[in-house]
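Following: one structure in structure tokens, then a few remarks.
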Amino acid sequence: MTKSIDPAAPHRQRSRRETLGLLGASAAMLGIEIAPYPVLGQSDDVLTEALVLRDPEIPVAGNPAGDITIVEYFDYQCPYCRKLEPELRQVVQDDGKVRLVLKDWPILGPVSVTAARMALASKYQDKFIQAHDALIGVNSKLTEPRIRELLAGAGIDLGRLDRDVAVNATAIDAILARNNDQATAFGFNGTPSFIVGKFRVPGVLTMAQFGQAIADARKAAAKK
């Protein structure tokens, strides 16, 4: 897992004690640590189910009508995120009923922030997924020229992208701040980190572990 470098966040953060108290005791599953996450009632809280699982500002991959949601907090420069991506997509494709929500958490420096902003701006061309795939699918170091090259190769209009980054800067930065607030409140220390249904999973999973986490999330949902 790639560790956080203490990204700035404009919103109030919970203390570690508050977060741990909300999350409760963790449970072992296939050698990983998971715990139920809190779904709070306040409409302005970053940990409401609506904002965690169904943020309207973030496009959905996989099956938008799926019965289970996987949320990934990632950084485009995180080598673990890059390595995991093909396996995660395969699990989502094989299952067929998983919503995949990709939440930019750019914790590895200014270039990560630039990549996140440009990817999110691509959604105004309905090409966020294409932008994400282009940026997460490389092994080379990212620079702004390299980011622009990759996005152009994915069919994104760079002229429009530049305009959308500027015009929608406030909305894009609000998404990044919200993602950061959630990841911090969940107690995540680095990327990648996941929410699977009603469980938080701070770390890398194998395909088998993803499959088991999805199955357990379905069982938990069926009990309600």
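By convention in this document, the chains of the structure tokens carry letters A, B, ... by their order, each chain's residues are numbered from 1, and ligands are numbered from 1 in the order they are shown.
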Could you give me, as a PDB file with C-alpha atoms, in the first residue's frame, the residues within 9 Å of segment 133-145 of chain A, counting only C-alpha atoms and dropping anything in the same chain fewer than 3 positions from it?
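Result file follows (out.pdb):
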ATOM      1  CA  ASP A  75      -3.728   7.615  -6.719  1.00  0.00           C
ATOM      2  CA  TYR A  76      -2.655   7.462 -10.363  1.00  0.00           C
ATOM      3  CA  GLN A  77       1.000   7.276  -9.304  1.00  0.00           C
ATOM      4  CA  CYS A  78       0.454   4.462  -6.805  1.00  0.00           C
ATOM      5  CA  PRO A  79       2.203   1.316  -8.116  1.00  0.00           C
ATOM      6  CA  CYS A  81      -3.172   0.723  -7.623  1.00  0.00           C
ATOM      7  CA  ARG A  82      -1.744   0.195 -11.097  1.00  0.00           C
ATOM      8  CA  LYS A  83      -0.911  -3.439 -10.444  1.00  0.00           C
ATOM      9  CA  GLU A  85      -6.429  -2.484 -11.574  1.00  0.00           C
ATOM     10  CA  PRO A  86      -6.683  -5.363 -14.108  1.00  0.00           C
ATOM     11  CA  VAL A 111       1.483  15.604 -10.279  1.00  0.00           C
ATOM     12  CA  SER A 112      -1.056  13.257  -8.699  1.00  0.00           C
ATOM     13  CA  THR A 114      -2.926  17.369 -11.705  1.00  0.00           C
ATOM     14  CA  ALA A 115      -3.749  13.886 -12.992  1.00  0.00           C
ATOM     15  CA  ALA A 119      -9.289  12.893 -15.204  1.00  0.00           C
ATOM     16  CA  PHE A 128     -13.834   9.790 -17.294  1.00  0.00           C
ATOM     17  CA  ILE A 129     -13.473   6.012 -17.522  1.00  0.00           C
ATOM     18  CA  GLN A 130     -11.317   6.334 -20.649  1.00  0.00           C
ATOM     19  CA  ARG A 148      -1.682  15.098 -21.673  1.00  0.00           C
ATOM     20  CA  GLU A 149      -0.180  12.601 -24.111  1.00  0.00           C
ATOM     21  CA  LEU A 150      -2.016   9.694 -22.496  1.00  0.00           C
ATOM     22  CA  LEU A 151      -5.334  11.538 -22.412  1.00  0.00           C
ATOM     23  CA  GLY A 153      -4.347   8.987 -26.929  1.00  0.00           C
ATOM     24  CA  ALA A 154      -7.561   8.032 -25.130  1.00  0.00           C
TER      25      ALA A 154
END
Quick one: residues within 12 Å of Leu53 of chain A, only C-alpha atoms counted, chain neighbours fewer than 5 positions away excluded, as JSON, numbers by chain?
{"A": [37, 39, 46, 47, 48, 58, 59, 60, 64, 66, 67, 68, 69, 70, 71, 72, 73, 98, 99, 100, 101, 102, 103, 179, 182, 194, 195, 196, 197, 198, 199, 200]}
How would the residues just picked look written out with N, CA and C atoms as a short mmCIF file (atom, residue, chain, number, x, y, z; two decimals), in the first residue's frame?
data_model
loop_
_atom_site.label_atom_id
_atom_site.label_comp_id
_atom_site.auth_asym_id
_atom_site.auth_seq_id
_atom_site.Cartn_x
_atom_site.Cartn_y
_atom_site.Cartn_z
N TYR A 37 -18.42 0.08 8.25
CA TYR A 37 -18.23 1.52 8.34
C TYR A 37 -19.54 2.16 8.78
N VAL A 39 -22.71 4.64 8.78
CA VAL A 39 -23.52 5.45 7.89
C VAL A 39 -24.25 6.44 8.78
N VAL A 46 -19.58 13.71 5.61
CA VAL A 46 -18.93 13.08 4.47
C VAL A 46 -19.12 11.57 4.46
N LEU A 47 -19.58 10.98 5.56
CA LEU A 47 -19.72 9.54 5.62
C LEU A 47 -21.16 9.06 5.48
N THR A 48 -22.03 9.85 4.90
CA THR A 48 -23.36 9.34 4.60
C THR A 48 -23.26 8.29 3.51
N ILE A 58 -19.38 11.61 -9.31
CA ILE A 58 -18.37 10.64 -9.74
C ILE A 58 -19.02 9.58 -10.63
N PRO A 59 -18.57 9.46 -11.88
CA PRO A 59 -19.14 8.44 -12.77
C PRO A 59 -18.91 7.04 -12.22
N VAL A 60 -19.80 6.12 -12.62
CA VAL A 60 -19.74 4.73 -12.12
C VAL A 60 -19.29 3.79 -13.23
N PRO A 64 -23.87 0.00 -13.31
CA PRO A 64 -24.45 1.10 -12.52
C PRO A 64 -25.67 0.67 -11.71
N GLY A 66 -25.93 -2.30 -10.27
CA GLY A 66 -25.52 -3.45 -9.47
C GLY A 66 -26.01 -3.39 -8.04
N ASP A 67 -26.00 -4.54 -7.36
CA ASP A 67 -26.52 -4.62 -6.00
C ASP A 67 -25.46 -4.39 -4.94
N ILE A 68 -24.19 -4.41 -5.33
CA ILE A 68 -23.09 -4.15 -4.40
C ILE A 68 -22.16 -3.11 -5.01
N THR A 69 -21.69 -2.19 -4.15
CA THR A 69 -20.77 -1.16 -4.61
C THR A 69 -19.38 -1.39 -4.03
N ILE A 70 -18.38 -1.30 -4.90
CA ILE A 70 -16.99 -1.23 -4.46
C ILE A 70 -16.51 0.19 -4.71
N VAL A 71 -15.99 0.83 -3.67
CA VAL A 71 -15.40 2.15 -3.80
C VAL A 71 -13.90 2.00 -3.63
N GLU A 72 -13.13 2.50 -4.60
CA GLU A 72 -11.68 2.47 -4.47
C GLU A 72 -11.15 3.89 -4.32
N TYR A 73 -10.35 4.10 -3.28
CA TYR A 73 -9.62 5.35 -3.10
C TYR A 73 -8.21 5.10 -3.65
N VAL A 98 -21.75 -5.59 -9.88
CA VAL A 98 -20.99 -4.72 -8.99
C VAL A 98 -20.86 -3.33 -9.59
N ARG A 99 -21.23 -2.34 -8.81
CA ARG A 99 -20.97 -0.95 -9.16
C ARG A 99 -19.55 -0.63 -8.69
N LEU A 100 -18.74 -0.01 -9.55
CA LEU A 100 -17.37 0.35 -9.18
C LEU A 100 -17.25 1.87 -9.20
N VAL A 101 -16.96 2.43 -8.04
CA VAL A 101 -16.83 3.89 -7.90
C VAL A 101 -15.36 4.21 -7.65
N LEU A 102 -14.75 4.94 -8.56
CA LEU A 102 -13.32 5.23 -8.52
C LEU A 102 -13.11 6.63 -7.97
N LYS A 103 -12.58 6.70 -6.75
CA LYS A 103 -12.43 7.99 -6.07
C LYS A 103 -10.96 8.42 -6.02
N ASN A 179 -13.43 13.35 -1.15
CA ASN A 179 -12.78 12.03 -1.15
C ASN A 179 -11.74 11.94 -0.05
N GLN A 182 -13.36 11.62 3.39
CA GLN A 182 -13.87 10.28 3.62
C GLN A 182 -12.74 9.32 3.96
N PHE A 194 -10.34 0.47 0.14
CA PHE A 194 -11.63 0.12 -0.46
C PHE A 194 -12.78 0.15 0.54
N ILE A 195 -13.94 0.41 0.01
CA ILE A 195 -15.21 0.11 0.67
C ILE A 195 -15.87 -0.96 -0.20
N VAL A 196 -16.27 -2.06 0.41
CA VAL A 196 -16.99 -3.12 -0.30
C VAL A 196 -18.32 -3.30 0.40
N GLY A 197 -19.39 -2.82 -0.22
CA GLY A 197 -20.69 -2.85 0.44
C GLY A 197 -20.66 -2.00 1.69
N LYS A 198 -20.80 -2.65 2.86
CA LYS A 198 -20.78 -1.94 4.14
C LYS A 198 -19.49 -2.18 4.92
N PHE A 199 -18.44 -2.62 4.23
CA PHE A 199 -17.19 -2.90 4.90
C PHE A 199 -16.06 -2.03 4.36
N ARG A 200 -15.16 -1.65 5.25
CA ARG A 200 -13.97 -0.92 4.84
C ARG A 200 -12.81 -1.91 4.77
#
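Among the candidate residues A:Asp173, A:Asp55, A:Asp181, A:Asp126, the one lying nearest to Asp157 of chain A is A:Asp126, with distances computed using only C-alpha atoms.
Counting from atom CA of Ala183 of chain A, the distance to atom CA of Gly109 of chain A is 16.6 Å.
Between atom CA of Arg163 of chain A and atom CA of Val113 of chain A the separation is 17.1 Å.
Counting from atom CA of Arg54 of chain A, the distance to atom CA of Leu88 of chain A is 19.1 Å.
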Which is closer to Ile156 of chain A than all the others in A:Arg89, A:Lys127, A:Lys223, A:Arg218, using only C-alpha atoms?
A:Lys127
Env of Asp94 of chain A: 12 Å cut, atoms = only C-alpha atoms, seq-sep filter 2 positions within chain, self excluded. Answer as number ranges by chain.
A: 62-63, 87-92, 96-98, 207-208, 210-211, 214
Just N, CA and C atoms for this one: save the residues we selected as an mmCIF file, in the first residue's frame.
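Once written, part_0.cif looks like this:
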data_model
loop_
_atom_site.group_PDB
_atom_site.id
_atom_site.type_symbol
_atom_site.label_atom_id
_atom_site.label_comp_id
_atom_site.auth_asym_id
_atom_site.auth_seq_id
_atom_site.Cartn_x
_atom_site.Cartn_y
_atom_site.Cartn_z
ATOM 1 N N GLY A 62 -18.356 -0.499 -14.126
ATOM 2 C CA GLY A 62 -19.028 -1.759 -13.826
ATOM 3 C C GLY A 62 -20.495 -1.671 -14.190
ATOM 4 N N ASN A 63 -21.352 -2.218 -13.335
ATOM 5 C CA ASN A 63 -22.794 -2.213 -13.563
ATOM 6 C C ASN A 63 -23.437 -1.117 -12.707
ATOM 7 N N GLU A 87 -6.960 -6.828 -12.173
ATOM 8 C CA GLU A 87 -7.637 -7.868 -11.394
ATOM 9 C C GLU A 87 -8.963 -7.356 -10.846
ATOM 10 N N LEU A 88 -8.976 -6.104 -10.374
ATOM 11 C CA LEU A 88 -10.215 -5.528 -9.872
ATOM 12 C C LEU A 88 -11.264 -5.465 -10.975
ATOM 13 N N ARG A 89 -10.866 -5.006 -12.151
ATOM 14 C CA ARG A 89 -11.816 -4.924 -13.263
ATOM 15 C C ARG A 89 -12.315 -6.302 -13.670
ATOM 16 N N GLN A 90 -11.448 -7.310 -13.601
ATOM 17 C CA GLN A 90 -11.851 -8.666 -13.967
ATOM 18 C C GLN A 90 -12.893 -9.192 -12.986
ATOM 19 N N VAL A 91 -12.679 -8.931 -11.691
ATOM 20 C CA VAL A 91 -13.653 -9.364 -10.681
ATOM 21 C C VAL A 91 -14.996 -8.692 -10.933
ATOM 22 N N VAL A 92 -14.972 -7.403 -11.210
ATOM 23 C CA VAL A 92 -16.213 -6.665 -11.461
ATOM 24 C C VAL A 92 -16.919 -7.200 -12.701
ATOM 25 N N GLY A 96 -20.592 -9.178 -12.605
ATOM 26 C CA GLY A 96 -21.672 -8.619 -13.409
ATOM 27 C C GLY A 96 -22.680 -7.780 -12.662
ATOM 28 N N LYS A 97 -22.611 -7.758 -11.307
ATOM 29 C CA LYS A 97 -23.596 -7.009 -10.522
ATOM 30 C C LYS A 97 -22.925 -6.076 -9.510
ATOM 31 N N VAL A 98 -21.745 -5.595 -9.880
ATOM 32 C CA VAL A 98 -20.989 -4.720 -8.987
ATOM 33 C C VAL A 98 -20.858 -3.331 -9.594
ATOM 34 N N MET A 207 -7.811 -11.458 -6.147
ATOM 35 C CA MET A 207 -9.106 -11.668 -6.798
ATOM 36 C C MET A 207 -10.017 -12.520 -5.923
ATOM 37 N N ALA A 208 -9.451 -13.554 -5.300
ATOM 38 C CA ALA A 208 -10.251 -14.411 -4.424
ATOM 39 C C ALA A 208 -10.787 -13.629 -3.231
ATOM 40 N N PHE A 210 -11.352 -10.358 -3.099
ATOM 41 C CA PHE A 210 -12.412 -9.481 -3.596
ATOM 42 C C PHE A 210 -13.718 -10.263 -3.736
ATOM 43 N N GLY A 211 -13.635 -11.452 -4.308
ATOM 44 C CA GLY A 211 -14.828 -12.266 -4.483
ATOM 45 C C GLY A 211 -15.488 -12.597 -3.158
ATOM 46 N N ILE A 214 -17.134 -9.445 -1.659
ATOM 47 C CA ILE A 214 -18.404 -9.165 -2.331
ATOM 48 C C ILE A 214 -19.488 -10.102 -1.819
#
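Counting only C-alpha atoms and comparing A:Leu161, A:Leu51, A:Ala131, A:Leu84, the residue that lies closest to Met1 of chain A is A:Leu84.
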Taking the backbone alone, and naming residues the way the document does, which bits of segment 76-141 of chain A are helix (DSSP H, G or I) by DSSP, as JSON, numbers by chain?
{"A": [79, 80, 81, 82, 83, 84, 85, 86, 87, 88, 89, 90, 91, 92, 93, 94, 95, 110, 111, 112, 113, 114, 115, 116, 117, 118, 119, 120, 121, 122, 123, 124, 125, 128, 129, 130, 131, 132, 133, 134, 135, 136]}
Could you take the residues named above and write them with N, CA and C atoms, as a CSV table (one decimal), in the first residue's frame?
chain,number,residue,atom,x,y,z
A,79,PRO,N,1.9,2.5,-7.4
A,79,PRO,CA,2.2,1.3,-8.1
A,79,PRO,C,1.3,0.2,-7.8
A,80,TYR,N,0.8,0.1,-6.5
A,80,TYR,CA,-0.1,-1.0,-6.1
A,80,TYR,C,-1.5,-0.8,-6.8
A,81,CYS,N,-1.9,0.5,-6.9
A,81,CYS,CA,-3.2,0.7,-7.6
A,81,CYS,C,-3.1,0.3,-9.1
A,82,ARG,N,-2.0,0.6,-9.7
A,82,ARG,CA,-1.7,0.2,-11.1
A,82,ARG,C,-1.7,-1.3,-11.3
A,83,LYS,N,-1.0,-2.0,-10.4
A,83,LYS,CA,-0.9,-3.4,-10.4
A,83,LYS,C,-2.2,-4.1,-10.2
A,84,LEU,N,-3.0,-3.6,-9.3
A,84,LEU,CA,-4.3,-4.2,-8.9
A,84,LEU,C,-5.4,-4.0,-9.9
A,85,GLU,N,-5.3,-2.9,-10.7
A,85,GLU,CA,-6.4,-2.5,-11.6
A,85,GLU,C,-7.0,-3.6,-12.5
A,86,PRO,N,-6.1,-4.3,-13.2
A,86,PRO,CA,-6.7,-5.4,-14.1
A,86,PRO,C,-7.4,-6.4,-13.3
A,87,GLU,N,-7.0,-6.8,-12.2
A,87,GLU,CA,-7.6,-7.9,-11.4
A,87,GLU,C,-9.0,-7.4,-10.8
A,88,LEU,N,-9.0,-6.1,-10.4
A,88,LEU,CA,-10.2,-5.5,-9.9
A,88,LEU,C,-11.3,-5.5,-11.0
A,89,ARG,N,-10.9,-5.0,-12.2
A,89,ARG,CA,-11.8,-4.9,-13.3
A,89,ARG,C,-12.3,-6.3,-13.7
A,90,GLN,N,-11.4,-7.3,-13.6
A,90,GLN,CA,-11.9,-8.7,-14.0
A,90,GLN,C,-12.9,-9.2,-13.0
A,91,VAL,N,-12.7,-8.9,-11.7
A,91,VAL,CA,-13.7,-9.4,-10.7
A,91,VAL,C,-15.0,-8.7,-10.9
A,92,VAL,N,-15.0,-7.4,-11.2
A,92,VAL,CA,-16.2,-6.7,-11.5
A,92,VAL,C,-16.9,-7.2,-12.7
A,93,GLN,N,-16.1,-7.5,-13.7
A,93,GLN,CA,-16.7,-8.0,-15.0
A,93,GLN,C,-17.3,-9.4,-14.8
A,94,ASP,N,-16.5,-10.2,-14.1
A,94,ASP,CA,-17.0,-11.6,-13.9
A,94,ASP,C,-18.3,-11.7,-13.1
A,95,ASP,N,-18.3,-10.8,-12.1
A,95,ASP,CA,-19.5,-10.8,-11.2
A,95,ASP,C,-20.8,-10.3,-11.9
A,110,PRO,N,2.1,16.9,-6.2
A,110,PRO,CA,1.4,17.8,-7.2
A,110,PRO,C,1.0,17.1,-8.5
A,111,VAL,N,1.8,16.2,-9.0
A,111,VAL,CA,1.5,15.6,-10.3
A,111,VAL,C,0.2,14.7,-10.1
A,112,SER,N,0.1,14.1,-9.0
A,112,SER,CA,-1.1,13.3,-8.7
A,112,SER,C,-2.3,14.1,-8.7
A,113,VAL,N,-2.2,15.3,-8.1
A,113,VAL,CA,-3.3,16.2,-8.1
A,113,VAL,C,-3.7,16.7,-9.5
A,114,THR,N,-2.7,17.0,-10.3
A,114,THR,CA,-2.9,17.4,-11.7
A,114,THR,C,-3.6,16.3,-12.5
A,115,ALA,N,-3.1,15.0,-12.3
A,115,ALA,CA,-3.7,13.9,-13.0
A,115,ALA,C,-5.2,13.7,-12.6
A,116,ALA,N,-5.5,13.8,-11.3
A,116,ALA,CA,-6.8,13.7,-10.7
A,116,ALA,C,-7.7,14.7,-11.3
A,117,ARG,N,-7.3,16.0,-11.3
A,117,ARG,CA,-8.1,17.1,-11.8
A,117,ARG,C,-8.4,16.9,-13.3
A,118,MET,N,-7.4,16.5,-14.1
A,118,MET,CA,-7.7,16.3,-15.5
A,118,MET,C,-8.6,15.1,-15.8
A,119,ALA,N,-8.4,14.0,-15.0
A,119,ALA,CA,-9.3,12.9,-15.2
A,119,ALA,C,-10.7,13.3,-14.9
A,120,LEU,N,-10.9,14.0,-13.8
A,120,LEU,CA,-12.3,14.4,-13.4
A,120,LEU,C,-12.9,15.3,-14.4
A,121,ALA,N,-12.1,16.2,-14.9
A,121,ALA,CA,-12.6,17.1,-15.9
A,121,ALA,C,-13.0,16.4,-17.2
A,122,SER,N,-12.4,15.2,-17.4
A,122,SER,CA,-12.8,14.5,-18.6
A,122,SER,C,-14.2,14.0,-18.6
A,123,LYS,N,-14.8,14.0,-17.4
A,123,LYS,CA,-16.2,13.5,-17.3
A,123,LYS,C,-17.1,14.4,-18.0
A,124,TYR,N,-16.7,15.7,-18.2
A,124,TYR,CA,-17.6,16.6,-18.9
A,124,TYR,C,-17.6,16.3,-20.4
A,125,GLN,N,-16.7,15.4,-20.9
A,125,GLN,CA,-16.8,14.9,-22.2
A,125,GLN,C,-17.3,13.5,-22.2
A,128,PHE,N,-14.6,10.0,-18.5
A,128,PHE,CA,-13.8,9.8,-17.3
A,128,PHE,C,-13.2,8.4,-17.2
A,129,ILE,N,-14.0,7.4,-17.6
A,129,ILE,CA,-13.5,6.0,-17.5
A,129,ILE,C,-12.3,5.8,-18.5
A,130,GLN,N,-12.4,6.4,-19.7
A,130,GLN,CA,-11.3,6.3,-20.6
A,130,GLN,C,-10.1,7.0,-20.1
A,131,ALA,N,-10.3,8.2,-19.5
A,131,ALA,CA,-9.1,8.9,-18.9
A,131,ALA,C,-8.5,8.1,-17.8
A,132,HIS,N,-9.4,7.5,-16.9
A,132,HIS,CA,-8.9,6.7,-15.8
A,132,HIS,C,-8.1,5.5,-16.3
A,133,ASP,N,-8.6,4.8,-17.3
A,133,ASP,CA,-7.9,3.7,-17.8
A,133,ASP,C,-6.5,4.0,-18.4
A,134,ALA,N,-6.5,5.2,-19.1
A,134,ALA,CA,-5.3,5.6,-19.7
A,134,ALA,C,-4.2,6.0,-18.7
A,135,LEU,N,-4.6,6.6,-17.6
A,135,LEU,CA,-3.6,7.0,-16.6
A,135,LEU,C,-3.2,5.9,-15.6
A,136,ILE,N,-4.1,5.0,-15.3
A,136,ILE,CA,-3.8,4.0,-14.3
A,136,ILE,C,-3.1,2.8,-15.0
